[in-house]
Amino acid sequence: MTNPKPSSRQPKRQAKPSVEIAVISDIHSNLQALDAVAAECKRRTINRYFCLGDIVGYGANPRECLKLIRSLRCPTVRGNHDHYVAFGEVDEDVSFLARRGLEYSAMSLTRQGKQWLRELPEVLLVDDATIVHASLFHPGEWHYIMSPSDALASMDEQTTPLCFHGHTHVTRIFALPGSPAPERMSDRKFRFSKRGHYLINPGSVGQPREADPRAHFAIYNPSEFTVEFVRLDYDKAAAGKAIIEAGLPEFLAERLMEGR
Ligand code: ZN
């Protein structure tokens with residue numbers, strides 16, 4: 001890979017990495033939502049990210065979303081939709097709607113884009129945290145963590161106090177039994193104990209399924225060991241319009257309006 005030539009002879013000053021890290025997951029080709037999250041992070045002077053995967057699938061702008069994520073140069077793990085598009089293989093139980101989105105993403109991405117997705121790891125350890133798309137047990141089998149017992153199976157494999165995961169598109173905190181309860185600092189902000197084990201889902205940026213259509217993400221502060229859950233309005237109508245114009249199923253636009 002070559003870097004573009006700087007426009008002047010002065011070396012470009014790198015922004016100092018922020019302490020806080022935006023944890024984003026399940027973008028699903030929703031550029032309007034991803035743009036809104038990036039703008040909010042900029043406003044809060046956050047320039048570090050963890051990406052928990054499912055950049056593509058469902059929505060109208062897989063190529064643009066991938067470009068934006070790649071430009072962040074952040075730790076990123078591969079989601080099931082990324083995997084299907086990258087390797088051109090789709091599980092039999094994938095729904096018709098998901099399949100249409102995947103075909104569209106596969107058509108839209110460049111060969112290099114797919115190659116980049118293929119090379120993503122399934123699990124990463126960074127800043128006292130683990131990141132994975134679905135679960136730490138058999139991460140490539142894309143298990144849904146819905147219940148405390150599902151969470152326990154994942155936390156059995158967890159070596160760091162915190163693990164961030166996505167896949168269900170639902171914001172949640174699970175704690176390993178015996179872990180100190182997270183301290184509630186405000187309505188949406190929690191402080192965790194380094195003596196415990198917690199599994200945290202920041203919700204979905206581009207296709208929230210919690211009857212709240214805003215873009216969902218989290219802000220992790222590794223020095224204070226806090227996580228804040230953020231919900232952000234964005235231009236849903238434009239995202240829906242782009243889906244219809246791309247010839248994707250209308251329901252994919254409708255669900256964005258309702259967050260389901
Ligand atoms: Zn997803």
# chains A, B, ... in the order shown; residues from 1 in each chain; ligands from 1
>>> residues_near_ligand(ligand="ligand 1", cutoff="6 Å", atoms="only C-alpha atoms and all ligand atoms", output="list of chain:residue names")
A:Asp26, A:Asp54, A:His167
>>> residues_around(residues="stretch 128-133 of chain A", least_positions_apart="4", cutoff="7 Å", atoms="only C-alpha atoms", output="PyMOL selection string")
chain A and resi 52-53+77-79+122-124+160-167
>>> write_last_selection(atoms="C-alpha atoms", output="PDB file, in the first residue's frame")
ATOM      1  CA  LEU A  52     -17.019  -5.143  16.174  1.00  0.00           C
ATOM      2  CA  GLY A  53     -17.896  -6.125  12.621  1.00  0.00           C
ATOM      3  CA  VAL A  77     -13.053  -7.929  13.848  1.00  0.00           C
ATOM      4  CA  ARG A  78     -14.983  -9.745  11.133  1.00  0.00           C
ATOM      5  CA  GLY A  79     -18.759 -10.165  11.448  1.00  0.00           C
ATOM      6  CA  GLU A 122     -12.302 -12.978  14.536  1.00  0.00           C
ATOM      7  CA  VAL A 123     -11.045 -11.945  17.992  1.00  0.00           C
ATOM      8  CA  LEU A 124      -8.697  -9.188  19.207  1.00  0.00           C
ATOM      9  CA  THR A 160      -9.845  -9.689  30.000  1.00  0.00           C
ATOM     10  CA  PRO A 161     -12.222  -7.909  32.417  1.00  0.00           C
ATOM     11  CA  LEU A 162     -14.241  -6.502  29.529  1.00  0.00           C
ATOM     12  CA  CYS A 163     -15.355  -8.067  26.274  1.00  0.00           C
ATOM     13  CA  PHE A 164     -17.265  -6.084  23.650  1.00  0.00           C
ATOM     14  CA  HIS A 165     -19.435  -7.961  21.193  1.00  0.00           C
ATOM     15  CA  GLY A 166     -22.306  -7.240  18.800  1.00  0.00           C
ATOM     16  CA  HIS A 167     -24.402  -9.450  16.484  1.00  0.00           C
TER      17      HIS A 167
END
>>> residues_around(residues="A:Glu224", least_positions_apart="3", cutoff="12 Å", atoms="only C-alpha atoms", output="JSON, numbers by chain")
{"A": [19, 20, 21, 127, 128, 183, 185, 189, 190, 191, 192, 193, 194, 219, 220, 221, 227, 228]}
>>> write_last_selection(atoms="C-alpha atoms", output="JSON list (two decimals), in the first residue's frame")
[["chain", "number", "residue", "atom", "x", "y", "z"],
["A", 19, "VAL", "CA", -8.16, 8.32, 25.79],
["A", 20, "GLU", "CA", -11.75, 7.43, 25.00],
["A", 21, "ILE", "CA", -12.61, 4.83, 22.41],
["A", 127, "ASP", "CA", -6.67, -2.00, 25.97],
["A", 128, "ASP", "CA", -7.77, -4.45, 28.73],
["A", 183, "GLU", "CA", -21.44, 1.16, 39.29],
["A", 185, "MET", "CA", -22.68, 6.77, 37.14],
["A", 189, "LYS", "CA", -22.81, 5.38, 31.98],
["A", 190, "PHE", "CA", -21.27, 2.57, 34.05],
["A", 191, "ARG", "CA", -17.98, 2.00, 35.85],
["A", 192, "PHE", "CA", -16.68, -1.58, 35.83],
["A", 193, "SER", "CA", -14.32, -3.41, 38.19],
["A", 194, "LYS", "CA", -11.06, -4.87, 36.93],
["A", 219, "ILE", "CA", -17.76, 5.07, 24.52],
["A", 220, "TYR", "CA", -15.14, 3.12, 26.46],
["A", 221, "ASN", "CA", -12.71, 4.92, 28.73],
["A", 227, "VAL", "CA", -18.59, 2.61, 29.36],
["A", 228, "GLU", "CA", -21.23, 5.08, 28.24]]
>>> residues_around(residues="A:Gly101", least_positions_apart="6", cutoff="9 Å", atoms="only C-alpha atoms", output="list in words")
His28, Val56, Gly57, Tyr58, Gly59, Ala60, Leu248, Pro249 and Leu252 of chain A
>>> closest_residue(among="A:Ala22, A:Glu92, A:Trp116, A:Ser223", to="A:Glu40", atoms="only C-alpha atoms")
A:Ala22
>>> residues_around(residues="A:Arg209", least_positions_apart="6", cutoff="9 Å", atoms="only C-alpha atoms", output="PyMOL selection string")
chain A and resi 168-170+203+255-256+258-260
>>> residues_around(residues="A:Met155", least_positions_apart="4", cutoff="10 Å", atoms="only C-alpha atoms", output="PDB file with all heavy atoms, in the first residue's frame")
ATOM      1  N   SER A 135     -19.579 -14.346  19.643  1.00  0.00           N
ATOM      2  CA  SER A 135     -19.272 -14.940  20.941  1.00  0.00           C
ATOM      3  C   SER A 135     -17.836 -15.444  20.947  1.00  0.00           C
ATOM      4  O   SER A 135     -17.269 -15.720  19.883  1.00  0.00           O
ATOM      5  CB  SER A 135     -20.210 -16.112  21.234  1.00  0.00           C
ATOM      6  OG  SER A 135     -19.812 -17.241  20.461  1.00  0.00           O
ATOM      7  N   LEU A 136     -17.281 -15.599  22.144  1.00  0.00           N
ATOM      8  CA  LEU A 136     -15.900 -16.085  22.241  1.00  0.00           C
ATOM      9  C   LEU A 136     -15.820 -17.599  22.117  1.00  0.00           C
ATOM     10  O   LEU A 136     -14.748 -18.134  21.867  1.00  0.00           O
ATOM     11  CB  LEU A 136     -15.253 -15.623  23.551  1.00  0.00           C
ATOM     12  CG  LEU A 136     -14.927 -14.125  23.634  1.00  0.00           C
ATOM     13  CD1 LEU A 136     -14.370 -13.792  25.009  1.00  0.00           C
ATOM     14  CD2 LEU A 136     -13.942 -13.721  22.549  1.00  0.00           C
ATOM     15  N   PHE A 137     -16.954 -18.293  22.312  1.00  0.00           N
ATOM     16  CA  PHE A 137     -16.901 -19.739  22.031  1.00  0.00           C
ATOM     17  C   PHE A 137     -17.224 -19.921  20.550  1.00  0.00           C
ATOM     18  O   PHE A 137     -18.205 -19.392  20.049  1.00  0.00           O
ATOM     19  CB  PHE A 137     -17.811 -20.566  22.955  1.00  0.00           C
ATOM     20  CG  PHE A 137     -19.281 -20.251  22.872  1.00  0.00           C
ATOM     21  CD1 PHE A 137     -20.141 -21.042  22.119  1.00  0.00           C
ATOM     22  CD2 PHE A 137     -19.804 -19.172  23.556  1.00  0.00           C
ATOM     23  CE1 PHE A 137     -21.496 -20.755  22.041  1.00  0.00           C
ATOM     24  CE2 PHE A 137     -21.150 -18.864  23.481  1.00  0.00           C
ATOM     25  CZ  PHE A 137     -21.996 -19.654  22.724  1.00  0.00           C
ATOM     26  N   SER A 149     -27.133 -17.620  30.233  1.00  0.00           N
ATOM     27  CA  SER A 149     -26.370 -18.868  30.048  1.00  0.00           C
ATOM     28  C   SER A 149     -25.539 -18.816  28.757  1.00  0.00           C
ATOM     29  O   SER A 149     -24.421 -19.335  28.715  1.00  0.00           O
ATOM     30  CB  SER A 149     -27.274 -20.106  30.105  1.00  0.00           C
ATOM     31  OG  SER A 149     -28.102 -20.153  28.986  1.00  0.00           O
ATOM     32  N   ASP A 150     -26.063 -18.178  27.700  1.00  0.00           N
ATOM     33  CA  ASP A 150     -25.249 -17.969  26.482  1.00  0.00           C
ATOM     34  C   ASP A 150     -24.018 -17.135  26.845  1.00  0.00           C
ATOM     35  O   ASP A 150     -22.896 -17.406  26.412  1.00  0.00           O
ATOM     36  CB  ASP A 150     -26.007 -17.158  25.410  1.00  0.00           C
ATOM     37  CG  ASP A 150     -27.287 -17.818  24.937  1.00  0.00           C
ATOM     38  OD1 ASP A 150     -27.369 -19.050  25.005  1.00  0.00           O
ATOM     39  OD2 ASP A 150     -28.196 -17.080  24.495  1.00  0.00           O
ATOM     40  N   ALA A 151     -24.265 -16.077  27.643  1.00  0.00           N
ATOM     41  CA  ALA A 151     -23.186 -15.154  28.009  1.00  0.00           C
ATOM     42  C   ALA A 151     -22.102 -15.876  28.815  1.00  0.00           C
ATOM     43  O   ALA A 151     -20.910 -15.650  28.621  1.00  0.00           O
ATOM     44  CB  ALA A 151     -23.741 -13.975  28.797  1.00  0.00           C
ATOM     45  N   THR A 159     -10.540 -13.666  28.877  1.00  0.00           N
ATOM     46  CA  THR A 159      -9.387 -13.482  29.774  1.00  0.00           C
ATOM     47  C   THR A 159      -9.250 -12.033  30.238  1.00  0.00           C
ATOM     48  O   THR A 159      -8.494 -11.757  31.161  1.00  0.00           O
ATOM     49  CB  THR A 159      -8.084 -13.890  29.055  1.00  0.00           C
ATOM     50  OG1 THR A 159      -7.978 -13.135  27.849  1.00  0.00           O
ATOM     51  CG2 THR A 159      -8.066 -15.373  28.738  1.00  0.00           C
ATOM     52  N   THR A 160      -9.929 -11.101  29.609  1.00  0.00           N
ATOM     53  CA  THR A 160      -9.845  -9.689  30.000  1.00  0.00           C
ATOM     54  C   THR A 160     -11.103  -9.322  30.800  1.00  0.00           C
ATOM     55  O   THR A 160     -12.142  -9.960  30.630  1.00  0.00           O
ATOM     56  CB  THR A 160      -9.787  -8.784  28.746  1.00  0.00           C
ATOM     57  OG1 THR A 160     -10.913  -9.096  27.922  1.00  0.00           O
ATOM     58  CG2 THR A 160      -8.511  -9.007  27.965  1.00  0.00           C
ATOM     59  N   PRO A 161     -11.025  -8.275  31.648  1.00  0.00           N
ATOM     60  CA  PRO A 161     -12.222  -7.909  32.417  1.00  0.00           C
ATOM     61  C   PRO A 161     -13.420  -7.549  31.524  1.00  0.00           C
ATOM     62  O   PRO A 161     -14.545  -7.874  31.847  1.00  0.00           O
ATOM     63  CB  PRO A 161     -11.769  -6.681  33.225  1.00  0.00           C
ATOM     64  CG  PRO A 161     -10.279  -6.741  33.249  1.00  0.00           C
ATOM     65  CD  PRO A 161      -9.845  -7.463  32.015  1.00  0.00           C
ATOM     66  N   LEU A 162     -13.142  -6.882  30.412  1.00  0.00           N
ATOM     67  CA  LEU A 162     -14.241  -6.502  29.529  1.00  0.00           C
ATOM     68  C   LEU A 162     -14.141  -7.230  28.197  1.00  0.00           C
ATOM     69  O   LEU A 162     -13.036  -7.455  27.686  1.00  0.00           O
ATOM     70  CB  LEU A 162     -14.215  -4.993  29.219  1.00  0.00           C
ATOM     71  CG  LEU A 162     -14.349  -4.010  30.371  1.00  0.00           C
ATOM     72  CD1 LEU A 162     -14.489  -2.590  29.816  1.00  0.00           C
ATOM     73  CD2 LEU A 162     -15.563  -4.332  31.240  1.00  0.00           C
ATOM     74  N   CYS A 163     -15.302  -7.594  27.659  1.00  0.00           N
ATOM     75  CA  CYS A 163     -15.355  -8.067  26.274  1.00  0.00           C
ATOM     76  C   CYS A 163     -16.497  -7.321  25.601  1.00  0.00           C
ATOM     77  O   CYS A 163     -17.601  -7.238  26.147  1.00  0.00           O
ATOM     78  CB  CYS A 163     -15.602  -9.572  26.219  1.00  0.00           C
ATOM     79  SG  CYS A 163     -15.828 -10.184  24.521  1.00  0.00           S
ATOM     80  N   PHE A 174     -23.717  -8.122  30.442  1.00  0.00           N
ATOM     81  CA  PHE A 174     -23.775  -9.358  31.225  1.00  0.00           C
ATOM     82  C   PHE A 174     -22.572  -9.348  32.165  1.00  0.00           C
ATOM     83  O   PHE A 174     -21.480  -8.940  31.756  1.00  0.00           O
ATOM     84  CB  PHE A 174     -23.675 -10.594  30.338  1.00  0.00           C
ATOM     85  CG  PHE A 174     -24.866 -10.835  29.452  1.00  0.00           C
ATOM     86  CD1 PHE A 174     -24.817 -10.491  28.113  1.00  0.00           C
ATOM     87  CD2 PHE A 174     -26.021 -11.416  29.954  1.00  0.00           C
ATOM     88  CE1 PHE A 174     -25.907 -10.719  27.273  1.00  0.00           C
ATOM     89  CE2 PHE A 174     -27.121 -11.652  29.131  1.00  0.00           C
ATOM     90  CZ  PHE A 174     -27.057 -11.305  27.783  1.00  0.00           C
ATOM     91  N   ALA A 175     -22.763  -9.822  33.393  1.00  0.00           N
ATOM     92  CA  ALA A 175     -21.639  -9.931  34.332  1.00  0.00           C
ATOM     93  C   ALA A 175     -21.473 -11.392  34.723  1.00  0.00           C
ATOM     94  O   ALA A 175     -22.475 -12.100  34.911  1.00  0.00           O
ATOM     95  CB  ALA A 175     -21.892  -9.084  35.561  1.00  0.00           C
ATOM     96  N   LEU A 176     -20.230 -11.828  34.820  1.00  0.00           N
ATOM     97  CA  LEU A 176     -19.957 -13.187  35.295  1.00  0.00           C
ATOM     98  C   LEU A 176     -20.382 -13.248  36.759  1.00  0.00           C
ATOM     99  O   LEU A 176     -20.056 -12.328  37.523  1.00  0.00           O
ATOM    100  CB  LEU A 176     -18.462 -13.477  35.144  1.00  0.00           C
ATOM    101  CG  LEU A 176     -18.027 -14.932  35.263  1.00  0.00           C
ATOM    102  CD1 LEU A 176     -18.513 -15.745  34.059  1.00  0.00           C
ATOM    103  CD2 LEU A 176     -16.502 -15.015  35.335  1.00  0.00           C
ATOM    104  N   HIS A 197     -15.651  -9.839  35.357  1.00  0.00           N
ATOM    105  CA  HIS A 197     -15.709 -10.126  33.924  1.00  0.00           C
ATOM    106  C   HIS A 197     -17.080  -9.691  33.403  1.00  0.00           C
ATOM    107  O   HIS A 197     -18.102 -10.096  33.962  1.00  0.00           O
ATOM    108  CB  HIS A 197     -15.512 -11.625  33.657  1.00  0.00           C
ATOM    109  CG  HIS A 197     -14.086 -12.048  33.718  1.00  0.00           C
ATOM    110  ND1 HIS A 197     -13.468 -12.374  34.898  1.00  0.00           N
ATOM    111  CD2 HIS A 197     -13.151 -12.171  32.750  1.00  0.00           C
ATOM    112  CE1 HIS A 197     -12.207 -12.689  34.652  1.00  0.00           C
ATOM    113  NE2 HIS A 197     -11.982 -12.577  33.358  1.00  0.00           N
ATOM    114  N   TYR A 198     -17.062  -8.890  32.353  1.00  0.00           N
ATOM    115  CA  TYR A 198     -18.306  -8.343  31.829  1.00  0.00           C
ATOM    116  C   TYR A 198     -18.310  -8.498  30.302  1.00  0.00           C
ATOM    117  O   TYR A 198     -17.271  -8.336  29.646  1.00  0.00           O
ATOM    118  CB  TYR A 198     -18.439  -6.853  32.176  1.00  0.00           C
ATOM    119  CG  TYR A 198     -18.201  -6.574  33.639  1.00  0.00           C
ATOM    120  CD1 TYR A 198     -16.900  -6.306  34.107  1.00  0.00           C
ATOM    121  CD2 TYR A 198     -19.254  -6.602  34.556  1.00  0.00           C
ATOM    122  CE1 TYR A 198     -16.665  -6.075  35.454  1.00  0.00           C
ATOM    123  CE2 TYR A 198     -19.017  -6.369  35.904  1.00  0.00           C
ATOM    124  CZ  TYR A 198     -17.722  -6.101  36.349  1.00  0.00           C
ATOM    125  OH  TYR A 198     -17.480  -5.870  37.677  1.00  0.00           O
ATOM    126  N   LEU A 199     -19.488  -8.769  29.787  1.00  0.00           N
ATOM    127  CA  LEU A 199     -19.683  -8.890  28.343  1.00  0.00           C
ATOM    128  C   LEU A 199     -20.649  -7.785  27.937  1.00  0.00           C
ATOM    129  O   LEU A 199     -21.766  -7.709  28.455  1.00  0.00           O
ATOM    130  CB  LEU A 199     -20.255 -10.277  28.033  1.00  0.00           C
ATOM    131  CG  LEU A 199     -20.521 -10.635  26.581  1.00  0.00           C
ATOM    132  CD1 LEU A 199     -19.241 -10.588  25.757  1.00  0.00           C
ATOM    133  CD2 LEU A 199     -21.138 -12.042  26.501  1.00  0.00           C
TER     134      LEU A 199
END
>>> select_by_dssp(residues="stretch 109-257 of chain A", states="helix (DSSP H, G or I)", output="count of residues only")
37
>>> residues_around(residues="A:Ala253", least_positions_apart="5", cutoff="8 Å", atoms="only C-alpha atoms", output="list in words")
Ala239, Gly240, Lys241, Ile243 and Ile244 of chain A
>>> closest_residue(among="A:Gly206, A:Gly196, A:Pro121, A:Pro17", to="A:Pro180", atoms="only C-alpha atoms")
A:Gly196
>>> closest_residue(among="A:Leu120, A:Ala134, A:Met146, A:Val85", to="A:Tyr104", atoms="only C-alpha atoms")
A:Val85
